[in-house]
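Everything below belongs to data_22.txt, which stores compact mmCIF, C-alpha atoms and all ligand atoms.
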# COMPACT_ATOMS: atom_id res chain seq x y z
CA MET A 119 0.00 0.00 0.00
CA GLU A 120 2.70 2.44 1.02
CA GLU A 121 4.70 1.63 -2.07
CA LYS A 122 1.73 2.18 -4.29
CA ILE A 123 1.19 5.64 -2.80
CA GLU A 124 4.89 6.48 -3.21
CA GLN A 125 4.72 5.40 -6.81
CA LEU A 126 1.74 7.63 -7.51
CA LEU A 127 3.52 10.56 -5.87
CA ASN A 128 6.54 9.98 -8.09
CA GLU A 129 4.70 9.56 -11.32
CA PHE A 130 1.76 11.88 -11.34
CA PRO A 131 3.24 15.37 -10.74
CA ASP A 132 5.30 14.90 -13.91
CA LYS A 133 2.41 13.46 -15.86
CA ILE A 134 0.34 16.49 -14.88
CA LYS A 135 3.08 18.93 -15.85
CA ASN A 136 3.38 17.27 -19.25
CA ALA A 137 -0.33 17.24 -20.01
CA LYS A 138 -0.83 19.16 -23.26
CA THR A 139 -4.58 19.38 -23.62
CA LEU A 140 -7.63 19.63 -21.41
CA LYS A 141 -8.48 16.12 -22.53
CA ASP A 142 -5.11 14.84 -21.22
CA CYS A 143 -6.00 16.40 -17.87
CA ASP A 144 -9.39 14.76 -17.84
CA MET A 145 -7.82 11.37 -18.57
CA LEU A 146 -5.36 11.83 -15.67
CA PHE A 147 -8.24 12.81 -13.42
CA LEU A 148 -10.04 9.60 -14.30
CA GLU A 149 -6.87 7.57 -13.74
CA LEU A 150 -6.75 8.90 -10.19
CA TYR A 151 -10.31 9.57 -9.11
CA GLY A 152 -12.48 7.65 -11.59
CA LYS A 153 -14.55 4.58 -10.73
CA LYS A 154 -11.50 2.36 -11.16
CA GLY A 155 -9.00 5.11 -10.38
CA HIS A 156 -5.96 4.50 -8.18
CA LEU A 157 -7.30 6.58 -5.32
CA THR A 158 -10.73 5.04 -5.42
CA LEU A 159 -9.26 1.55 -5.24
CA LEU A 160 -6.85 2.54 -2.47
CA THR A 161 -9.58 3.94 -0.24
CA ARG A 162 -11.50 0.74 -0.67
CA GLU A 163 -8.61 -1.18 0.88
CA PHE A 164 -8.45 1.10 3.90
CA ARG A 165 -11.06 -0.73 5.88
CA ASN A 166 -8.86 -3.88 6.04
CA LEU A 167 -5.80 -2.01 7.24
CA ASP A 168 -4.30 -1.75 10.66
CA LYS A 169 -4.92 1.56 12.43
CA ASN A 170 -1.25 2.34 13.00
CA LEU A 171 -0.39 1.77 9.40
CA LEU A 172 -3.26 4.00 8.40
CA GLN A 173 -1.97 6.79 10.65
CA ARG A 174 1.45 6.47 9.09
CA ILE A 175 0.40 6.62 5.48
CA ARG A 176 -2.17 9.36 6.03
CA PRO A 177 0.05 12.39 5.18
CA LYS A 178 1.28 10.80 1.95
CA PHE A 179 -2.18 9.73 1.01
CA LEU A 180 -3.39 13.29 1.48
CA SER A 181 -0.62 14.54 -0.82
CA VAL A 182 -1.86 12.21 -3.52
CA LYS A 183 -5.38 13.38 -2.91
CA ASN A 184 -4.22 16.96 -3.33
CA LEU A 185 -2.91 16.21 -6.81
CA GLU A 186 -6.33 17.37 -7.94
CA ILE A 187 -5.23 20.91 -7.13
CA ASP A 188 -2.21 20.60 -9.43
CA LEU A 189 -4.40 19.14 -12.08
CA ASN A 190 -6.80 22.10 -11.92
CA LYS A 191 -3.88 24.51 -12.06
CA ARG A 192 -2.57 22.81 -15.18
CA LYS A 193 -6.02 23.02 -16.76
CA GLU A 194 -6.11 26.72 -16.05
CA GLU A 195 -2.67 27.14 -17.67
CA ILE A 196 -3.75 25.24 -20.76
CA ARG A 197 -6.83 27.47 -21.06
CA GLU A 198 -4.70 30.58 -20.68
CA GLU A 199 -2.30 29.35 -23.37
CA GLY A 200 -5.32 28.75 -25.62
CA TYR A 201 -6.66 32.26 -25.10
CA ARG A 202 -3.26 33.77 -25.76
CA LYS A 203 -2.99 31.80 -28.97
CA LEU A 204 -6.48 32.87 -30.07
CA GLU A 205 -5.70 36.45 -29.23
CA SER A 206 -2.56 36.40 -31.39
CA GLU A 207 -4.44 34.83 -34.29
CA LYS A 208 -7.35 37.27 -34.13
CA LEU A 209 -8.39 38.68 -37.46
CA ASP A 210 -9.26 42.33 -37.08
CA LEU A 211 -12.38 42.58 -39.23
CA GLU A 212 -13.13 46.04 -37.91
CA GLU A 213 -9.95 47.35 -39.36
CA ILE A 214 -10.84 45.97 -42.75
CA ALA A 215 -14.36 47.42 -42.61
CA SER A 216 -13.49 50.85 -41.35
CA PRO A 217 -12.23 53.54 -43.65
CA ALA A 218 -8.62 54.51 -43.21
CA SER A 219 -9.71 58.10 -43.28
CA PRO A 220 -13.23 59.54 -42.98
CA ASP A 221 -13.22 60.76 -46.55
CA ARG A 222 -12.12 57.49 -48.09
CA ASN A 223 -14.44 56.92 -50.95
CA ASP A 224 -14.40 53.27 -51.90
CA GLY A 225 -17.92 52.43 -50.70
CA ARG A 226 -16.74 50.71 -47.53
CA ARG A 227 -18.15 52.43 -44.54
CA LYS A 228 -18.25 51.37 -40.94
CA GLY A 229 -21.81 51.01 -39.63
CA HIS A 230 -23.00 51.73 -36.13
CA LEU A 231 -26.10 51.45 -34.00
CA HIS A 232 -29.06 53.72 -34.64
CA PRO A 233 -29.18 56.68 -32.21
CA THR A 234 -32.44 55.51 -30.61
CA THR A 235 -30.95 52.03 -30.15
CA ILE A 236 -27.91 53.55 -28.42
CA PHE A 237 -30.21 55.57 -26.20
CA MET A 238 -32.50 52.65 -25.40
CA GLN A 239 -29.62 50.35 -24.54
CA GLU A 240 -28.50 52.94 -22.06
CA ILE A 241 -31.95 53.03 -20.43
CA VAL A 242 -32.12 49.24 -20.26
CA GLU A 243 -28.70 49.04 -18.59
CA LEU A 244 -29.77 51.69 -16.10
CA PHE A 245 -32.85 49.85 -14.91
CA LYS A 246 -31.19 46.45 -15.07
CA LYS A 247 -29.11 47.70 -12.16
CA LEU A 248 -32.32 48.08 -10.13
CA GLY A 249 -33.35 44.51 -10.90
CA PHE A 250 -35.74 45.15 -13.80
CA GLN A 251 -36.00 42.44 -16.44
CA GLN A 252 -36.85 42.97 -20.09
CA TYR A 253 -40.25 41.81 -21.32
CA ASP A 254 -41.60 41.71 -24.85
CA ALA A 255 -45.29 42.32 -25.48
CA PRO A 256 -46.99 42.00 -28.90
CA GLN A 257 -47.10 44.97 -31.23
CA ILE A 258 -50.33 43.70 -32.75
CA ASP A 259 -52.70 43.18 -29.86
CA THR A 260 -56.40 43.14 -29.05
CA ASP A 261 -58.50 46.17 -28.26
CA TYR A 262 -59.14 44.40 -24.95
CA ASN A 263 -55.45 44.26 -23.90
CA ASN A 264 -54.57 47.71 -25.20
CA PHE A 265 -57.64 49.49 -23.79
CA GLU A 266 -60.48 47.66 -22.06
CA VAL A 267 -58.48 45.85 -19.44
CA LEU A 268 -56.70 49.13 -18.71
CA ASN A 269 -59.94 50.73 -17.60
CA ILE A 270 -60.72 52.27 -21.00
CA PRO A 271 -64.03 50.79 -22.18
CA PRO A 272 -65.26 51.12 -25.79
CA GLU A 273 -66.72 54.51 -26.59
CA HIS A 274 -65.14 56.04 -23.46
CA PRO A 275 -63.94 59.61 -24.14
CA ALA A 276 -60.49 58.71 -22.76
CA ARG A 277 -59.91 56.78 -25.98
CA ASP A 278 -59.38 60.14 -27.65
CA LEU A 279 -55.99 60.26 -25.95
CA TRP A 280 -54.79 57.63 -28.39
CA ASP A 281 -55.40 57.93 -32.14
CA THR A 282 -55.57 54.28 -32.94
CA LEU A 283 -54.79 52.27 -36.06
CA TYR A 284 -57.23 49.35 -36.13
CA ILE A 285 -56.58 46.34 -38.30
CA ASN A 286 -59.19 45.91 -40.95
CA SER A 287 -59.85 42.23 -40.59
CA LYS A 288 -62.67 39.90 -39.62
CA PHE A 289 -60.25 38.04 -37.42
CA GLU A 290 -60.85 38.69 -33.74
CA ILE A 291 -59.46 37.18 -30.55
CA ARG A 292 -62.11 36.50 -27.90
CA ASN A 293 -64.46 38.93 -29.64
CA SER A 294 -61.92 41.70 -29.52
CA LYS A 295 -60.73 43.63 -32.56
CA LEU A 296 -57.03 43.70 -33.44
CA LEU A 297 -55.05 46.92 -33.49
CA LEU A 298 -51.49 48.20 -33.59
CA ARG A 299 -50.68 48.90 -29.97
CA THR A 300 -50.77 52.60 -29.15
CA HIS A 301 -48.53 52.25 -26.10
CA THR A 302 -46.40 49.72 -24.27
CA SER A 303 -49.00 49.73 -21.48
CA ASN A 304 -50.60 46.78 -23.29
CA SER A 305 -47.80 44.80 -21.64
CA GLN A 306 -49.27 45.31 -18.15
CA ILE A 307 -51.93 42.66 -18.54
CA HIS A 308 -49.59 40.20 -20.30
CA ILE A 309 -47.08 40.56 -17.48
CA MET A 310 -49.60 40.12 -14.67
CA ARG A 311 -51.05 37.04 -16.30
CA GLU A 312 -47.63 35.49 -16.82
CA PHE A 313 -45.89 36.30 -13.52
CA LYS A 314 -46.81 36.48 -9.86
CA PRO A 315 -45.69 39.52 -7.83
CA PRO A 316 -43.18 40.79 -6.87
CA ILE A 317 -42.68 41.92 -10.47
CA ARG A 318 -40.04 44.25 -11.91
CA MET A 319 -40.30 44.39 -15.68
CA MET A 320 -39.26 46.84 -18.34
CA VAL A 321 -40.86 46.88 -21.75
CA LEU A 322 -39.34 48.48 -24.76
CA GLY A 323 -40.74 48.57 -28.22
CA ARG A 324 -42.59 49.95 -31.18
CA CYS A 325 -45.94 51.68 -30.84
CA PHE A 326 -48.14 53.15 -33.54
CA ARG A 327 -50.63 56.00 -33.75
CA TYR A 328 -52.73 57.61 -36.44
CA GLU A 329 -51.06 60.96 -35.88
CA ASN A 330 -51.04 64.23 -37.69
CA LEU A 331 -47.35 64.23 -38.46
CA ASP A 332 -45.27 67.17 -37.28
CA PRO A 333 -41.83 67.69 -35.70
CA ARG A 334 -43.08 66.21 -32.41
CA HIS A 335 -45.40 63.47 -33.73
CA GLU A 336 -44.57 60.35 -35.70
CA HIS A 337 -46.87 57.42 -36.58
CA THR A 338 -44.27 54.85 -35.55
CA PHE A 339 -42.23 55.37 -32.41
CA ASP A 340 -40.81 53.57 -29.39
CA GLN A 341 -41.90 53.60 -25.79
CA PHE A 342 -40.17 52.40 -22.67
CA GLU A 343 -42.30 51.33 -19.70
CA LEU A 344 -41.62 50.03 -16.22
CA VAL A 345 -44.14 47.73 -14.56
CA TYR A 346 -43.31 47.35 -10.90
CA ILE A 347 -45.65 45.44 -8.58
CA ASP A 348 -44.87 44.68 -4.94
CA LYS A 349 -46.16 45.14 -1.41
CA GLY A 350 -46.14 48.69 -0.06
CA LEU A 351 -45.10 50.65 -3.16
CA SER A 352 -46.02 54.31 -3.15
CA MET A 353 -45.60 57.57 -5.06
CA ALA A 354 -42.29 57.94 -3.21
CA ASN A 355 -40.91 54.98 -5.19
CA LEU A 356 -42.23 56.61 -8.33
CA GLN A 357 -40.46 59.86 -7.51
CA PHE A 358 -37.26 57.92 -6.86
CA LEU A 359 -37.42 56.09 -10.20
CA SER A 360 -38.05 59.37 -12.03
CA GLU A 361 -35.12 61.12 -10.38
CA TYR A 362 -32.87 58.11 -10.88
CA PHE A 363 -33.64 58.16 -14.59
CA LEU A 364 -33.52 61.88 -15.27
CA LYS A 365 -30.40 62.53 -13.20
CA HIS A 366 -28.60 59.83 -15.12
CA MET A 367 -29.76 61.16 -18.48
CA PHE A 368 -29.38 64.90 -17.91
CA GLY A 369 -26.99 65.25 -14.97
CA GLN A 370 -27.25 65.27 -11.20
CA GLU A 371 -28.30 68.91 -11.04
CA ILE A 372 -31.61 68.47 -12.86
CA LYS A 373 -34.66 69.22 -10.71
CA VAL A 374 -37.50 66.73 -11.03
CA ARG A 375 -41.10 67.23 -10.04
CA LEU A 376 -44.38 65.37 -10.30
CA GLN A 377 -47.52 67.07 -11.51
CA PRO A 378 -51.03 65.58 -11.36
CA GLY A 379 -51.93 63.93 -14.64
CA TYR A 380 -54.62 61.68 -16.02
CA TYR A 381 -54.37 58.15 -17.33
CA PRO A 382 -57.36 55.83 -16.91
CA PHE A 383 -55.17 52.92 -15.81
CA THR A 384 -53.26 54.68 -13.04
CA GLU A 385 -54.56 56.38 -9.91
CA PRO A 386 -53.09 58.73 -8.91
CA SER A 387 -51.43 59.60 -12.23
CA ALA A 388 -48.53 61.94 -12.68
CA LYS A 389 -46.63 63.79 -15.32
CA ILE A 390 -42.93 63.76 -14.64
CA LEU A 391 -41.39 67.15 -15.26
CA GLY A 392 -37.74 67.99 -15.45
CA GLU A 393 -36.43 71.53 -15.17
CA CYS A 394 -35.83 72.74 -18.73
CA ILE A 395 -32.30 71.79 -19.65
CA PHE A 396 -32.05 74.62 -22.16
CA CYS A 397 -33.03 77.64 -20.03
CA LYS A 398 -32.46 76.10 -16.58
CA GLY A 399 -35.96 77.02 -15.49
CA SER A 400 -36.14 80.65 -16.57
CA GLY A 401 -38.46 79.95 -19.51
CA CYS A 402 -37.61 79.60 -23.23
CA LYS A 403 -39.09 78.64 -26.60
CA ILE A 404 -38.54 74.95 -26.12
CA CYS A 405 -40.34 74.68 -22.77
CA GLY A 406 -43.01 77.17 -23.86
CA GLY A 407 -41.87 79.67 -21.28
CA VAL A 408 -42.78 77.57 -18.25
CA GLY A 409 -39.26 76.43 -17.31
CA TRP A 410 -40.26 72.75 -17.11
CA LEU A 411 -40.41 69.97 -19.70
CA GLU A 412 -42.83 67.07 -19.56
CA LEU A 413 -40.59 64.02 -19.81
CA ALA A 414 -42.55 60.97 -18.70
CA GLY A 415 -45.99 59.72 -17.66
CA ALA A 416 -46.58 57.46 -14.71
CA GLY A 417 -48.81 56.51 -11.82
CA MET A 418 -49.90 53.89 -9.32
CA ILE A 419 -51.55 51.08 -11.28
CA HIS A 420 -55.32 51.36 -10.81
CA PRO A 421 -56.73 48.71 -8.41
CA LYS A 422 -59.18 47.65 -11.10
CA VAL A 423 -56.32 47.00 -13.53
CA LEU A 424 -54.50 44.94 -10.90
CA GLU A 425 -57.68 42.94 -10.36
CA ASN A 426 -58.07 42.42 -14.11
CA GLY A 427 -54.57 40.96 -14.08
CA GLY A 428 -55.37 38.64 -11.17
CA VAL A 429 -53.35 40.63 -8.61
CA ASP A 430 -55.03 41.40 -5.27
CA PRO A 431 -54.99 45.21 -4.83
CA ASN A 432 -55.49 44.80 -1.07
CA ILE A 433 -52.09 43.14 -0.82
CA TYR A 434 -50.08 44.61 -3.66
CA SER A 435 -49.65 47.97 -5.28
CA GLY A 436 -48.09 48.73 -8.62
CA ILE A 437 -46.21 51.45 -10.43
CA ALA A 438 -46.35 52.03 -14.18
CA TRP A 439 -43.89 54.49 -15.60
CA GLY A 440 -43.40 55.31 -19.27
CA VAL A 441 -41.31 57.49 -21.57
CA GLY A 442 -40.85 58.02 -25.26
CA PRO A 443 -37.12 57.48 -25.82
CA ALA A 444 -37.13 59.44 -29.10
CA ARG A 445 -38.40 62.58 -27.38
CA MET A 446 -35.71 62.20 -24.72
CA ALA A 447 -33.02 61.62 -27.32
CA MET A 448 -34.21 64.78 -29.11
CA LEU A 449 -33.63 66.77 -25.96
CA LYS A 450 -30.34 65.16 -25.15
CA TRP A 451 -28.87 65.62 -28.61
CA GLY A 452 -30.74 68.75 -29.66
CA ILE A 453 -32.66 67.06 -32.52
CA GLU A 454 -35.47 69.25 -33.78
CA ASP A 455 -37.66 66.84 -35.74
CA ILE A 456 -38.76 63.41 -34.51
CA ARG A 457 -39.26 62.28 -38.13
CA GLU A 458 -35.48 62.28 -38.63
CA PHE A 459 -35.22 59.01 -36.73
CA LEU A 460 -37.00 56.83 -39.26
CA LYS A 461 -36.13 58.67 -42.46
CA GLY A 462 -33.00 56.63 -43.02
CA ASP A 463 -31.09 59.75 -44.01
CA LEU A 464 -27.39 58.92 -43.70
CA LYS A 465 -26.43 62.56 -43.25
CA PHE A 466 -28.45 62.51 -40.02
CA LEU A 467 -27.46 59.01 -38.87
CA GLN A 468 -23.75 59.56 -39.34
CA LYS A 469 -23.74 62.30 -36.75
CA PHE A 470 -24.00 59.72 -33.99
N1 LIG B 501 -49.19 54.60 -21.82
C1 LIG B 501 -49.17 56.01 -21.60
C2 LIG B 501 -49.15 56.70 -22.96
O1 LIG B 501 -48.84 56.14 -23.95
C3 LIG B 501 -47.97 56.43 -20.77
C4 LIG B 501 -48.00 55.87 -19.38
C5 LIG B 501 -47.28 54.75 -19.08
C6 LIG B 501 -48.76 56.47 -18.40
C7 LIG B 501 -47.33 54.23 -17.79
C8 LIG B 501 -48.80 55.98 -17.13
C9 LIG B 501 -48.10 54.86 -16.83
O2 LIG B 501 -49.47 57.80 -23.13
Output the structure of this file as structure tokens.
Ligand code: PHE
Amino acid sequence: MEEKIEQLLNEFPDKIKNAKTLKDCDMLFLELYGKKGHLTLLTREFRNLDKNLLQRIRPKFLSVKNLEIDLNKRKEEIREEGYRKLESEKLDLEEIASPASPDRNDGRRKGHLHPTTIFMQEIVELFKKLGFQQYDAPQIDTDYNNFEVLNIPPEHPARDLWDTLYINSKFEIRNSKLLLRTHTSNSQIHIMREFKPPIRMMVLGRCFRYENLDPRHEHTFDQFELVYIDKGLSMANLQFLSEYFLKHMFGQEIKVRLQPGYYPFTEPSAKILGECIFCKGSGCKICGGVGWLELAGAGMIHPKVLENGGVDPNIYSGIAWGVGPARMAMLKWGIEDIREFLKGDLKFLQKF
């Protein structure tokens, strides 16, 4: 027994050092610790051995057992060597794609993300840090999910807030007409049906409205919405989320305030105002002289909406909070016309 252990201690450190691949290491591991491995067989013999002998061979046996550490180290080295090799063989495709100088004119131009995508990725990263997960809701949805379940029955005057594009089709889902969603708030019901609270979701995506097009209105645009449902949430959490967002986007100095607003699916509802970043509150053309800009809409999810989603409003409360990223990006980068975003005009896109 003692000899066997000695022999292992003589042989294996070298074998490990000479292992060339991860597979070699795995084979050595099996030789030692596998079902029929040396160590496995040795331990099986222990029960027949004399106690004194066992005491004596213990330290050496432990050294053999610790060979696993060497083996793992060697594996790590092999991986490192692999990475270094990969690194040195890397083909720099970027270099090939990018022009040597900006005015190079051979048709090869380096692409980049669309400005709204850049902006939206930033928002997503920001709220990821607070534990929000991304959720995708359908862009073609039912009148029921986009309106009715959100406390906006058919023929209700509140529908005038959203100029809606209905889909001209006989096809209906549970007797509800199909439409292009007018806001990401259609996600609220999908989320509540799919998950149990506590819920922290963020929804990002295309929305559509039958708008009169002008520099501030586009028929196709993105919205970003937070749906946050938990015990004991209040307007204080809503204020925090608004400040967290606006301070990150426009700097720590920006003042943020809530103003009463109206959305049928939140109660109370609030408009989130930020002090005008152009005139710093003194009043200018962009803020219409009031010194504040309306930057987001939000509120405590209406108890009826929670109930519609199967959430007990006596136990839980919810926050819904939404912004139009394009409008924010316009402010941040001084873009004057929202229609620039989807025009596909390279002169505009290349500025970012
Ligand atoms: N869905 C609203 C809109 O499109 C915005 C909003 C989102 C309001 C969440 C309150 C809460 O106008």
Exercise: Gly427 (chain A) partners within 9 Å, only C-alpha atoms, chain neighbours under 5 positions left out, as a ChimeraX atom specification: /A:267,306-311,422
Taking 3 positions as the minimum chain separation for residues in the same chain, which residues sit within 7 Å of region 276-291 of chain A when counting all atoms listed in the file? Answer as a VMD selection string. chain A and resid 260 270 294 to 298 300 327 to 329
For ligand LIG 501 (chain B), return the neighbouring residues as a PyMOL selection string (distance at most 8 Å; all atoms listed in the file). chain A and resi 279-280+300-303+341+343-345+381+383-384+387-388+414-419+437-441
Phe245 (chain A) surroundings by only C-alpha atoms, 10 Å radius, close-in-sequence under 2 positions cut, as a PDB file with C-alpha atoms, keeping the file's coordinate frame:
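File produced: part_27.pdb:
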ATOM      1  CA  GLU A 240     -28.500  52.940 -22.060  1.00  0.00           C
ATOM      2  CA  ILE A 241     -31.950  53.030 -20.430  1.00  0.00           C
ATOM      3  CA  VAL A 242     -32.120  49.240 -20.260  1.00  0.00           C
ATOM      4  CA  GLU A 243     -28.700  49.040 -18.590  1.00  0.00           C
ATOM      5  CA  LYS A 247     -29.110  47.700 -12.160  1.00  0.00           C
ATOM      6  CA  LEU A 248     -32.320  48.080 -10.130  1.00  0.00           C
ATOM      7  CA  GLY A 249     -33.350  44.510 -10.900  1.00  0.00           C
ATOM      8  CA  PHE A 250     -35.740  45.150 -13.800  1.00  0.00           C
ATOM      9  CA  GLN A 251     -36.000  42.440 -16.440  1.00  0.00           C
ATOM     10  CA  GLN A 252     -36.850  42.970 -20.090  1.00  0.00           C
ATOM     11  CA  ARG A 318     -40.040  44.250 -11.910  1.00  0.00           C
ATOM     12  CA  MET A 319     -40.300  44.390 -15.680  1.00  0.00           C
ATOM     13  CA  MET A 320     -39.260  46.840 -18.340  1.00  0.00           C
ATOM     14  CA  LEU A 344     -41.620  50.030 -16.220  1.00  0.00           C
ATOM     15  CA  LEU A 359     -37.420  56.090 -10.200  1.00  0.00           C
ATOM     16  CA  TYR A 362     -32.870  58.110 -10.880  1.00  0.00           C
ATOM     17  CA  PHE A 363     -33.640  58.160 -14.590  1.00  0.00           C
TER      18      PHE A 363
END
In Å, rounded to a single decimal, give me how far CA of Asp188 (chain A) is from CA of Leu159 (chain A).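 Between these atoms lies a distance of 20.7 Å.
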Counting all atoms listed in the file, the option among A:Asn304, A:Lys389, A:Leu322, A:Ala447 closest to Leu268 (chain A):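 That would be A:Asn304, the residue with the smallest distance to Leu268 (chain A).
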Quick one, how far is CA of Pro378 (chain A) from CA of Arg445 (chain A)?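 Interatomic distance here is 20.6 Å.
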Quick one: residues within 9 Å of (-8.4, 17.1, -13.2) (file frame), counting all atoms listed in the file, please, as a PyMOL selection string. chain A and resi 134+140+142-148+150-151+185-193
Would you compute the distance between CA of Met367 (chain A) and CA of Ile390 (chain A)? Give it in Å to one decimal.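 Straight-line distance from CA of Met367 (chain A) to CA of Ile390 (chain A) works out to 14.0 Å.
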Would you pick out the contacts of region 161-171 of chain A at 12 Å or less, using only C-alpha atoms, so that residues sharing its chain but fewer than 2 positions from it are not included, and give the list as a PyMOL selection string? chain A and resi 119-120+123+150-151+153-159+173-180+182-183
Choose the residue, out of A:Cys325, A:Pro333, A:Ala255, A:His232, that has the smallest atom-to-atom separation from Gly462 (chain A); count all atoms listed in the file.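 Nearest to Gly462 (chain A): A:His232.
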Neighbours of Gly392 (chain A) within 7 Å (all atoms listed in the file; same-chain residues fewer than 2 positions away dropped), as a list in words?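 Here the answer would be Ile372, Lys373, Val374, Arg375, Ile390, Cys394, Trp410, Leu411, Glu412 and Leu413 of chain A.
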Go through A:Glu149, A:Asp259, A:Glu199, A:Asp430 and flag the residue nearest Lys349 (chain A), using all atoms listed in the file for the distances.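 Distance minimum relative to Lys349 (chain A) lands on A:Asp430.
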Draw an axis-aligned box tight on the listed atoms of region 333-349 of chain A, then pad every side by 4 Å and write out centre and edge lengths in Å to one decimal as AutoDock Vina command-line options.
--center_x -43.5 --center_y 56.2 --center_z -19.0 --size_x 14.7 --size_y 31.0 --size_z 43.2
Calculated over all atoms listed in the file, which of the candidates A:His366, A:Asp332, A:Lys469, A:Asp340 has the smallest distance to Glu454 (chain A)? A:Asp332
Among the residues A:Ser305, A:Thr235, A:Glu195, A:Val321, the one that comes closest to Tyr253 (chain A) [using only C-alpha atoms]: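 Selected residue with least distance to Tyr253 (chain A): A:Val321.
Residue nearest Ile433 (chain A) within the list A:Leu351, A:Trp451, A:Leu464, A:Phe459: A:Leu351 [criterion: smallest interatomic distance, all atoms listed in the file].
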Written-out region 303-314 of chain A (C-alpha atoms) as a compact mmCIF listing (two decimals), in the first residue's frame:
# COMPACT_ATOMS: atom_id res chain seq x y z
CA SER A 303 -49.00 49.73 -21.48
CA ASN A 304 -50.60 46.78 -23.29
CA SER A 305 -47.80 44.80 -21.64
CA GLN A 306 -49.27 45.31 -18.15
CA ILE A 307 -51.93 42.66 -18.54
CA HIS A 308 -49.59 40.20 -20.30
CA ILE A 309 -47.08 40.56 -17.48
CA MET A 310 -49.60 40.12 -14.67
CA ARG A 311 -51.05 37.04 -16.30
CA GLU A 312 -47.63 35.49 -16.82
CA PHE A 313 -45.89 36.30 -13.52
CA LYS A 314 -46.81 36.48 -9.86
